[in-house]
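What follows is a set of notes on a single structure, which appears directly below.
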Amino acid sequence: MPNAAFVPRLLPLLIAASLLPASGRADEAPVALMTIVVEGTPPVIAPVDAGDTAGGMARDAADMLTRVPGVAVVRNGAQTGIVQVRGLYNERVRVRVDGMTITPACPNHMDPPLHYAGLEALDALEVIAGAAPVRLGGDSLAGSVEAKSRPPRFAADAAWQPQARVELGYASGNGGRQAALEMGAANDALSLRYLGGYQDAGNYESARGEVADTGYTSQRHALAAAYRHGSGVWDLEAGTHRADDVGTPTLPMDMVQDDADRIRLAFRGDTPLGSLDAQVYRHEIEHLMDNFSLRPVAGMRMQAPSTSDDTGFNLALANPAGSGTLKLGLEIHANDLDVYQQNLSAGGLRQDTFRDATRDRYGVYGEWEGSIAPQLRMNAGLRGEWVSMDSGDIVSFFGPAAAAAAAFNAQDHARDDTHLDGTVALSYALQRGLSLEGALTRNTRSPSILERYLWTAQSASAGQADGRSYLGNLNLDPEVAHGVNLGIKLKQPDLRAQAGVFWQDVGDFIQGQPIAMLDINGLPVLQYRNVNARLWGGEASLSKRVGAFELGAWVSLTRGENTDNGDNLYRIAPLRGGVSADYRMESWHVGGEWLVSARKEDVAAYNGEPETPGYGVLNLRAGVAPTKNLKLSAGIDNVFDKLYYDPLAGVNRVAGGSVPVGGIMPAMGRSLYVKMDWTY
Ligand SMILES: [Cu+2]
């Protein structure tokens, strides 16, 4: 019998045109081509198990986003996926992990926020690639990505019930092994759990040979307790994350060790003031990178330790108002960042990169969503944000940097910015299942610590990986983006289709600009400056069920331009898409997908971005569920062992491997994988 659960998991799509806060789930992305559940307005998101995948072995949470229309992943290493939404990435996209805003400790973003979203606990990866409601924005320009861990499961009565879950996986392409374990017990009021995860892989094989410096090891442990009382649920979770020897071959160093600890306390429930959602958290990272542990070193042996501490508080209160719901919220986020470099070939000589740098944010918002006419729904919100930044003086520096350090220290480093953002989104139902959508947005982002306080030219660029040296700028203004989004959405029992287009104008876009100073390679240093930029594009997707067949197709196009000089913006994915077909029965399924990318020709001249050829790659998958609690899956990625290049994977900087220094990173060759998922 065909699987009756065709519904949302099949038809996903179009986060692209999700003008209203329709959310998408990418948690099952490796399974089918389209695995995002989009449920119109208001968002309805049924938790789906992220481990419930019939194929693919994700290396990090960002891996699950590569098939989401409008979303791409910028990658400098196996566990360093940086989310790109409609051409914007890094701090320009608001990414939260269990409600936490995590600031990478690495000045090259080897540890972007999703690095800390453990696969063993991941329940949903909710993506909005279009206009986001203001409650999910703040100090960012595009979309929203929220990684959510599996919520506690309470039992029906006071008797304690054991809970367990085991996941195991292996992929041949990099000898990748992963395991996840969840154990605990719950009754109707209390839930106590341990969650653990382990991942390990060697260098991967491309179609042309082993690619050096691409392995990784990481482990995570967490204890989670939840208490239910009436309509309210208290959640207390504490965890650790340890990553070791994670190669980042497109950057000058590798992530040798990255340790993070976190604790968070959350409450969700009804109160006399309304429906309350509140959380307080602390997330601490210790990061170490060097240029000699995982790769041959030609010159000086260098290392760079860093720490990043995030403390945050979020509060949201929802109440009925008129024909809809009014949400009022407060968000506080404080980051402390310290980074220094050490020259181990010169007796451990030390230079501060950032010393006692702080970046604090205070946001307040009000958002209303509801019907304003029989067929017309609206989401309208305003958000104010205050960003306060400062940096300590530079104390340690290498000899040649003495003058730059003195010049930096002579200036006042404190900077404050005020933002006023807004979103107005409308959805008009033409007929049942068919709607037109439109949204206007204004978003503001203040400069990062790197962009403001990088006082001496360094190869630190939030992971641009262009081999260039960057310099900060104390005189930067915040970026302000104005966007227009239009879309159409069709939702029928066996067919879903969506299409959307967008246009976003970014005033004071922050980009490195060549200045009259040469770096050690003889190239002009790029100093962060305010320019003007424009991004536009669109996405379309289709998902259709014919008998037991599920058919899908999607396409994404994004273009970005520096409108001051006409140059393309750097590292934006070219035209891409895919088609998929799966045959699904009650207890088994088989299927495949063909992913395609156009040649990347719209490259950025200012930092010498290389072009990449177009490609098509075939993946096959199958799965069987012999019992209700057991799922087995297997597949072959890149069936024809094709040599191809991910347009966002960067250029190799590690000598001695099959890829020359300066060569574009090839993608993984043919890889067989098997996975098991058992739940009790
Ligand atoms: Cu790093």
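A note on labels: chains of the structure tokens are A, B, ... as shown, every chain counts residues from 1, and ligands are counted from 1 in their shown order.
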| field | Polymer residues at most 9 Å from Tyr606 of chain A, only C-alpha atoms, same-chain spacing of 5 or more positions, as number ranges by chain | value | A: 512-514, 567-570
Since we have the selection now, will you write its residues out, keeping N, CA and C atoms, as a short mmCIF file (atom, residue, chain, number, x, y, z; two decimals), in the first residue's frame?
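Generated output (result.cif):
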data_model
loop_
_atom_site.label_atom_id
_atom_site.label_comp_id
_atom_site.auth_asym_id
_atom_site.auth_seq_id
_atom_site.Cartn_x
_atom_site.Cartn_y
_atom_site.Cartn_z
N GLY A 512 35.26 44.32 1.54
CA GLY A 512 36.67 44.70 1.48
C GLY A 512 36.98 45.41 0.18
N GLN A 513 37.62 46.57 0.26
CA GLN A 513 37.97 47.34 -0.93
C GLN A 513 39.48 47.53 -0.97
N PRO A 514 40.08 47.40 -2.16
CA PRO A 514 41.54 47.53 -2.27
C PRO A 514 42.00 48.92 -1.80
N ASP A 567 30.72 45.38 -10.16
CA ASP A 567 31.33 44.06 -9.94
C ASP A 567 30.30 43.12 -9.30
N ASN A 568 30.49 41.82 -9.54
CA ASN A 568 29.62 40.84 -8.89
C ASN A 568 29.98 40.71 -7.43
N LEU A 569 29.00 40.36 -6.60
CA LEU A 569 29.31 40.04 -5.21
C LEU A 569 29.98 38.67 -5.18
N TYR A 570 30.78 38.47 -4.14
CA TYR A 570 31.66 37.31 -4.04
C TYR A 570 30.92 36.07 -3.53
#
| message | I need the strand (DSSP E or B) residues of segment 54-210 of chain A per DSSP on the backbone, written as a PyMOL selection string. | response | chain A and resi 71-74+82-85+88-89+93-97+100+122-128+142-149+161-171+176-186+190-201+205-206+209-210
| query | If you run DSSP on the backbone, which residues of segment 55-127 of chain A are helix (DSSP H, G or I), as an NGL selection string? | reply | :A and (61-65 or 90-92 or 113-116)
| query | To one decimal place, how far is atom CA of Asn203 of chain A from atom CA of Gly299 of chain A in Å? | reply |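 Pair atom CA of Asn203 of chain A / atom CA of Gly299 of chain A returns 23.9 Å.
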| Env. residues ligand 1 / 10 Å / only C-alpha atoms and all ligand atoms / as number ranges by chain | A: 104-111, 246, 248, 251-258, 287-290, 303-306, 339, 460, 462-463
| Pick the closest to Pro272 of chain A from A:Arg242, A:Gly347, A:Pro666, A:Ser231: which is it, counting only C-alpha atoms? | A:Ser231
| query | Which residue, A:Met585, A:Glu550, A:Ala226, A:Val93, has the smallest gap to Arg150 of chain A when you use only C-alpha atoms? | reply |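 Residue with the minimum atom-to-atom distance to Arg150 of chain A: A:Ala226.
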| request: Using atom CA of Asn76 of chain A and atom CA of Leu114 of chain A as the two end points, give the distance in Å to one decimal. | output: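 One can read the atom CA of Asn76 of chain A to atom CA of Leu114 of chain A distance as 13.5 Å.
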| request: Point out the residue among A:Leu436, A:Leu632, A:Leu523, A:Val639 with the least atom-to-atom distance to Trp678 of chain A, counting only C-alpha atoms. | output: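 Residue with the minimum atom-to-atom distance to Trp678 of chain A: A:Leu632.
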| task | Considering only C-alpha atoms, return as a list in words whatever protein or nucleic-acid residues lie within 6 Å of segment 533-535 of chain A, sequence-local ones (same chain, fewer than 4 positions apart) excluded. | result |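 So, after excluding close chain neighbours, the residues are Trp503, Gln504, Asp505, Val506, Phe509, Arg559, Gly560, Glu561, Asn562 and Thr563 of chain A.
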Write the residues you've just listed into a file as a PDB file, in the first residue's frame, and include all heavy atoms for each of them.
ATOM      1  N   TRP A 503      13.933  41.152  -4.757  1.00  0.00           N
ATOM      2  CA  TRP A 503      14.852  42.232  -5.107  1.00  0.00           C
ATOM      3  C   TRP A 503      15.220  42.894  -3.804  1.00  0.00           C
ATOM      4  O   TRP A 503      14.360  43.216  -2.992  1.00  0.00           O
ATOM      5  CB  TRP A 503      14.124  43.184  -6.050  1.00  0.00           C
ATOM      6  CG  TRP A 503      14.876  44.405  -6.455  1.00  0.00           C
ATOM      7  CD1 TRP A 503      15.703  44.546  -7.532  1.00  0.00           C
ATOM      8  CD2 TRP A 503      14.851  45.677  -5.802  1.00  0.00           C
ATOM      9  NE1 TRP A 503      16.199  45.827  -7.579  1.00  0.00           N
ATOM     10  CE2 TRP A 503      15.684  46.544  -6.523  1.00  0.00           C
ATOM     11  CE3 TRP A 503      14.204  46.165  -4.670  1.00  0.00           C
ATOM     12  CZ2 TRP A 503      15.896  47.862  -6.154  1.00  0.00           C
ATOM     13  CZ3 TRP A 503      14.410  47.479  -4.297  1.00  0.00           C
ATOM     14  CH2 TRP A 503      15.249  48.320  -5.046  1.00  0.00           C
ATOM     15  N   GLN A 504      16.510  43.018  -3.538  1.00  0.00           N
ATOM     16  CA  GLN A 504      16.926  43.629  -2.282  1.00  0.00           C
ATOM     17  C   GLN A 504      18.070  44.605  -2.542  1.00  0.00           C
ATOM     18  O   GLN A 504      19.074  44.265  -3.159  1.00  0.00           O
ATOM     19  CB  GLN A 504      17.367  42.549  -1.273  1.00  0.00           C
ATOM     20  CG  GLN A 504      17.401  43.073   0.156  1.00  0.00           C
ATOM     21  CD  GLN A 504      17.619  41.966   1.187  1.00  0.00           C
ATOM     22  OE1 GLN A 504      18.248  40.964   0.903  1.00  0.00           O
ATOM     23  NE2 GLN A 504      17.107  42.166   2.391  1.00  0.00           N
ATOM     24  N   ASP A 505      17.884  45.812  -2.060  1.00  0.00           N
ATOM     25  CA  ASP A 505      18.850  46.872  -2.233  1.00  0.00           C
ATOM     26  C   ASP A 505      19.549  47.078  -0.894  1.00  0.00           C
ATOM     27  O   ASP A 505      18.875  47.322   0.100  1.00  0.00           O
ATOM     28  CB  ASP A 505      18.083  48.141  -2.625  1.00  0.00           C
ATOM     29  CG  ASP A 505      18.880  48.999  -3.551  1.00  0.00           C
ATOM     30  OD1 ASP A 505      19.346  48.467  -4.574  1.00  0.00           O
ATOM     31  OD2 ASP A 505      19.047  50.186  -3.250  1.00  0.00           O
ATOM     32  N   VAL A 506      20.871  46.960  -0.857  1.00  0.00           N
ATOM     33  CA  VAL A 506      21.569  47.106   0.416  1.00  0.00           C
ATOM     34  C   VAL A 506      22.433  48.364   0.390  1.00  0.00           C
ATOM     35  O   VAL A 506      23.444  48.428  -0.320  1.00  0.00           O
ATOM     36  CB  VAL A 506      22.465  45.884   0.726  1.00  0.00           C
ATOM     37  CG1 VAL A 506      22.994  45.965   2.155  1.00  0.00           C
ATOM     38  CG2 VAL A 506      21.695  44.581   0.520  1.00  0.00           C
ATOM     39  N   PHE A 509      26.493  48.493   2.142  1.00  0.00           N
ATOM     40  CA  PHE A 509      26.946  47.094   2.152  1.00  0.00           C
ATOM     41  C   PHE A 509      28.444  47.071   2.499  1.00  0.00           C
ATOM     42  O   PHE A 509      29.231  47.833   1.935  1.00  0.00           O
ATOM     43  CB  PHE A 509      26.719  46.501   0.765  1.00  0.00           C
ATOM     44  CG  PHE A 509      26.972  45.029   0.649  1.00  0.00           C
ATOM     45  CD1 PHE A 509      26.000  44.110   1.023  1.00  0.00           C
ATOM     46  CD2 PHE A 509      28.175  44.554   0.132  1.00  0.00           C
ATOM     47  CE1 PHE A 509      26.220  42.743   0.896  1.00  0.00           C
ATOM     48  CE2 PHE A 509      28.397  43.185   0.004  1.00  0.00           C
ATOM     49  CZ  PHE A 509      27.415  42.288   0.388  1.00  0.00           C
ATOM     50  N   ARG A 559      21.448  36.617  -7.991  1.00  0.00           N
ATOM     51  CA  ARG A 559      22.512  37.466  -8.521  1.00  0.00           C
ATOM     52  C   ARG A 559      22.773  38.579  -7.529  1.00  0.00           C
ATOM     53  O   ARG A 559      21.854  39.071  -6.882  1.00  0.00           O
ATOM     54  CB  ARG A 559      22.097  38.047  -9.881  1.00  0.00           C
ATOM     55  CG  ARG A 559      21.984  36.997 -10.976  1.00  0.00           C
ATOM     56  CD  ARG A 559      23.327  36.665 -11.609  1.00  0.00           C
ATOM     57  NE  ARG A 559      23.802  37.809 -12.360  1.00  0.00           N
ATOM     58  CZ  ARG A 559      24.852  38.558 -11.996  1.00  0.00           C
ATOM     59  NH1 ARG A 559      25.528  38.286 -10.908  1.00  0.00           N
ATOM     60  NH2 ARG A 559      25.228  39.591 -12.719  1.00  0.00           N
ATOM     61  N   GLY A 560      24.032  38.984  -7.428  1.00  0.00           N
ATOM     62  CA  GLY A 560      24.369  40.072  -6.520  1.00  0.00           C
ATOM     63  C   GLY A 560      25.399  40.961  -7.157  1.00  0.00           C
ATOM     64  O   GLY A 560      26.321  40.478  -7.821  1.00  0.00           O
ATOM     65  N   GLU A 561      25.255  42.249  -6.959  1.00  0.00           N
ATOM     66  CA  GLU A 561      26.123  43.195  -7.649  1.00  0.00           C
ATOM     67  C   GLU A 561      26.494  44.347  -6.718  1.00  0.00           C
ATOM     68  O   GLU A 561      25.668  44.833  -5.954  1.00  0.00           O
ATOM     69  CB  GLU A 561      25.356  43.736  -8.860  1.00  0.00           C
ATOM     70  CG  GLU A 561      26.161  44.613  -9.766  1.00  0.00           C
ATOM     71  CD  GLU A 561      25.280  45.306 -10.821  1.00  0.00           C
ATOM     72  OE1 GLU A 561      24.052  45.371 -10.645  1.00  0.00           O
ATOM     73  OE2 GLU A 561      25.842  45.793 -11.792  1.00  0.00           O
ATOM     74  N   ASN A 562      27.741  44.747  -6.774  1.00  0.00           N
ATOM     75  CA  ASN A 562      28.175  45.980  -6.128  1.00  0.00           C
ATOM     76  C   ASN A 562      27.763  47.100  -7.088  1.00  0.00           C
ATOM     77  O   ASN A 562      28.339  47.247  -8.163  1.00  0.00           O
ATOM     78  CB  ASN A 562      29.694  45.933  -5.941  1.00  0.00           C
ATOM     79  CG  ASN A 562      30.274  47.239  -5.434  1.00  0.00           C
ATOM     80  OD1 ASN A 562      29.656  48.301  -5.546  1.00  0.00           O
ATOM     81  ND2 ASN A 562      31.490  47.165  -4.883  1.00  0.00           N
ATOM     82  N   THR A 563      26.771  47.884  -6.718  1.00  0.00           N
ATOM     83  CA  THR A 563      26.234  48.859  -7.674  1.00  0.00           C
ATOM     84  C   THR A 563      27.125  50.092  -7.798  1.00  0.00           C
ATOM     85  O   THR A 563      26.917  50.913  -8.682  1.00  0.00           O
ATOM     86  CB  THR A 563      24.807  49.294  -7.277  1.00  0.00           C
ATOM     87  OG1 THR A 563      24.805  49.690  -5.900  1.00  0.00           O
ATOM     88  CG2 THR A 563      23.828  48.154  -7.460  1.00  0.00           C
TER      89      THR A 563
END
| query | Which residues, written as a list in words, have at least one atom at most 6 Å from segment 334-337 of chain A, with only C-alpha atoms counted and residues fewer than 3 positions away on the same chain left out? | reply |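 Those residues are Thr307, Ser308, Asp309, Asp310, Thr311, Ala357, Thr358, Arg359 and Asp360 of chain A.
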| request: For each of A:Ser371, A:Tyr216, A:Phe267, A:Gly322, take the minimum atom-to-atom distance to Leu294 of chain A, counting only C-alpha atoms, then give the residue where this is smallest. | output: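 Comparing A:Ser371, A:Tyr216, A:Phe267, A:Gly322 against Leu294 of chain A, the winner is A:Tyr216.
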| If you measure from atom CA of Glu237 of chain A to atom CA of Asp139 of chain A, what distance in Å do you get, rounded to one decimal? |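 Calculated distance between atom CA of Glu237 of chain A and atom CA of Asp139 of chain A is 26.3 Å.
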| message | Considering only C-alpha atoms, can you say which of A:Gly130, A:Gly137, A:Gly312, A:Pro374 comes closest to Gly487 of chain A? | response |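 Using only C-alpha atoms, the shortest distance to Gly487 of chain A belongs to A:Gly130.
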| request: May I ask which of the residues A:Ala225, A:Leu344, A:Ala243, A:Val71 is the closest one to Gly118 of chain A, counting only C-alpha atoms? | output: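 Looking at the shortest contact to Gly118 of chain A, the residue is A:Ala243.
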| request: Write out as number ranges by chain each polymer residue whose atoms come within 12 Å of Ser597 of chain A, counting only C-alpha atoms; drop sequence neighbours fewer than 3 positions from it. | output: A: 66-67, 72, 554-557, 573-579, 594, 600-601, 612-617, 644-648
Dump as a short mmCIF file (atom, residue, chain, number, x, y, z; two decimals), in the first residue's frame, selection limited to C-alpha atoms:
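Written out: out13.cif:
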data_model
loop_
_atom_site.label_atom_id
_atom_site.label_comp_id
_atom_site.auth_asym_id
_atom_site.auth_seq_id
_atom_site.Cartn_x
_atom_site.Cartn_y
_atom_site.Cartn_z
CA THR A 66 21.84 22.39 0.20
CA ARG A 67 18.58 21.40 -1.51
CA ALA A 72 23.20 27.49 -0.43
CA TRP A 554 13.34 22.89 -7.96
CA VAL A 555 15.45 25.73 -9.26
CA SER A 556 17.21 28.70 -7.59
CA LEU A 557 18.78 31.77 -9.11
CA ALA A 573 25.82 30.24 -5.92
CA PRO A 574 25.00 30.20 -9.66
CA LEU A 575 21.75 28.90 -11.19
CA ARG A 576 21.06 25.52 -9.59
CA GLY A 577 18.34 22.99 -9.26
CA GLY A 578 17.38 19.38 -9.23
CA VAL A 579 14.80 16.75 -10.02
CA TRP A 594 19.78 14.52 -10.16
CA LYS A 600 29.62 29.94 -12.35
CA GLU A 601 30.54 32.88 -14.54
CA THR A 612 33.62 26.87 -11.90
CA PRO A 613 32.19 24.58 -14.59
CA GLY A 614 28.57 23.42 -14.55
CA TYR A 615 27.70 19.86 -13.61
CA GLY A 616 25.02 17.27 -13.01
CA VAL A 617 25.37 14.57 -10.39
CA TYR A 644 32.79 18.22 -10.25
CA TYR A 645 33.25 21.41 -8.28
CA ASP A 646 30.89 22.95 -5.78
CA PRO A 647 30.88 26.63 -6.81
CA LEU A 648 31.04 27.68 -3.13
#
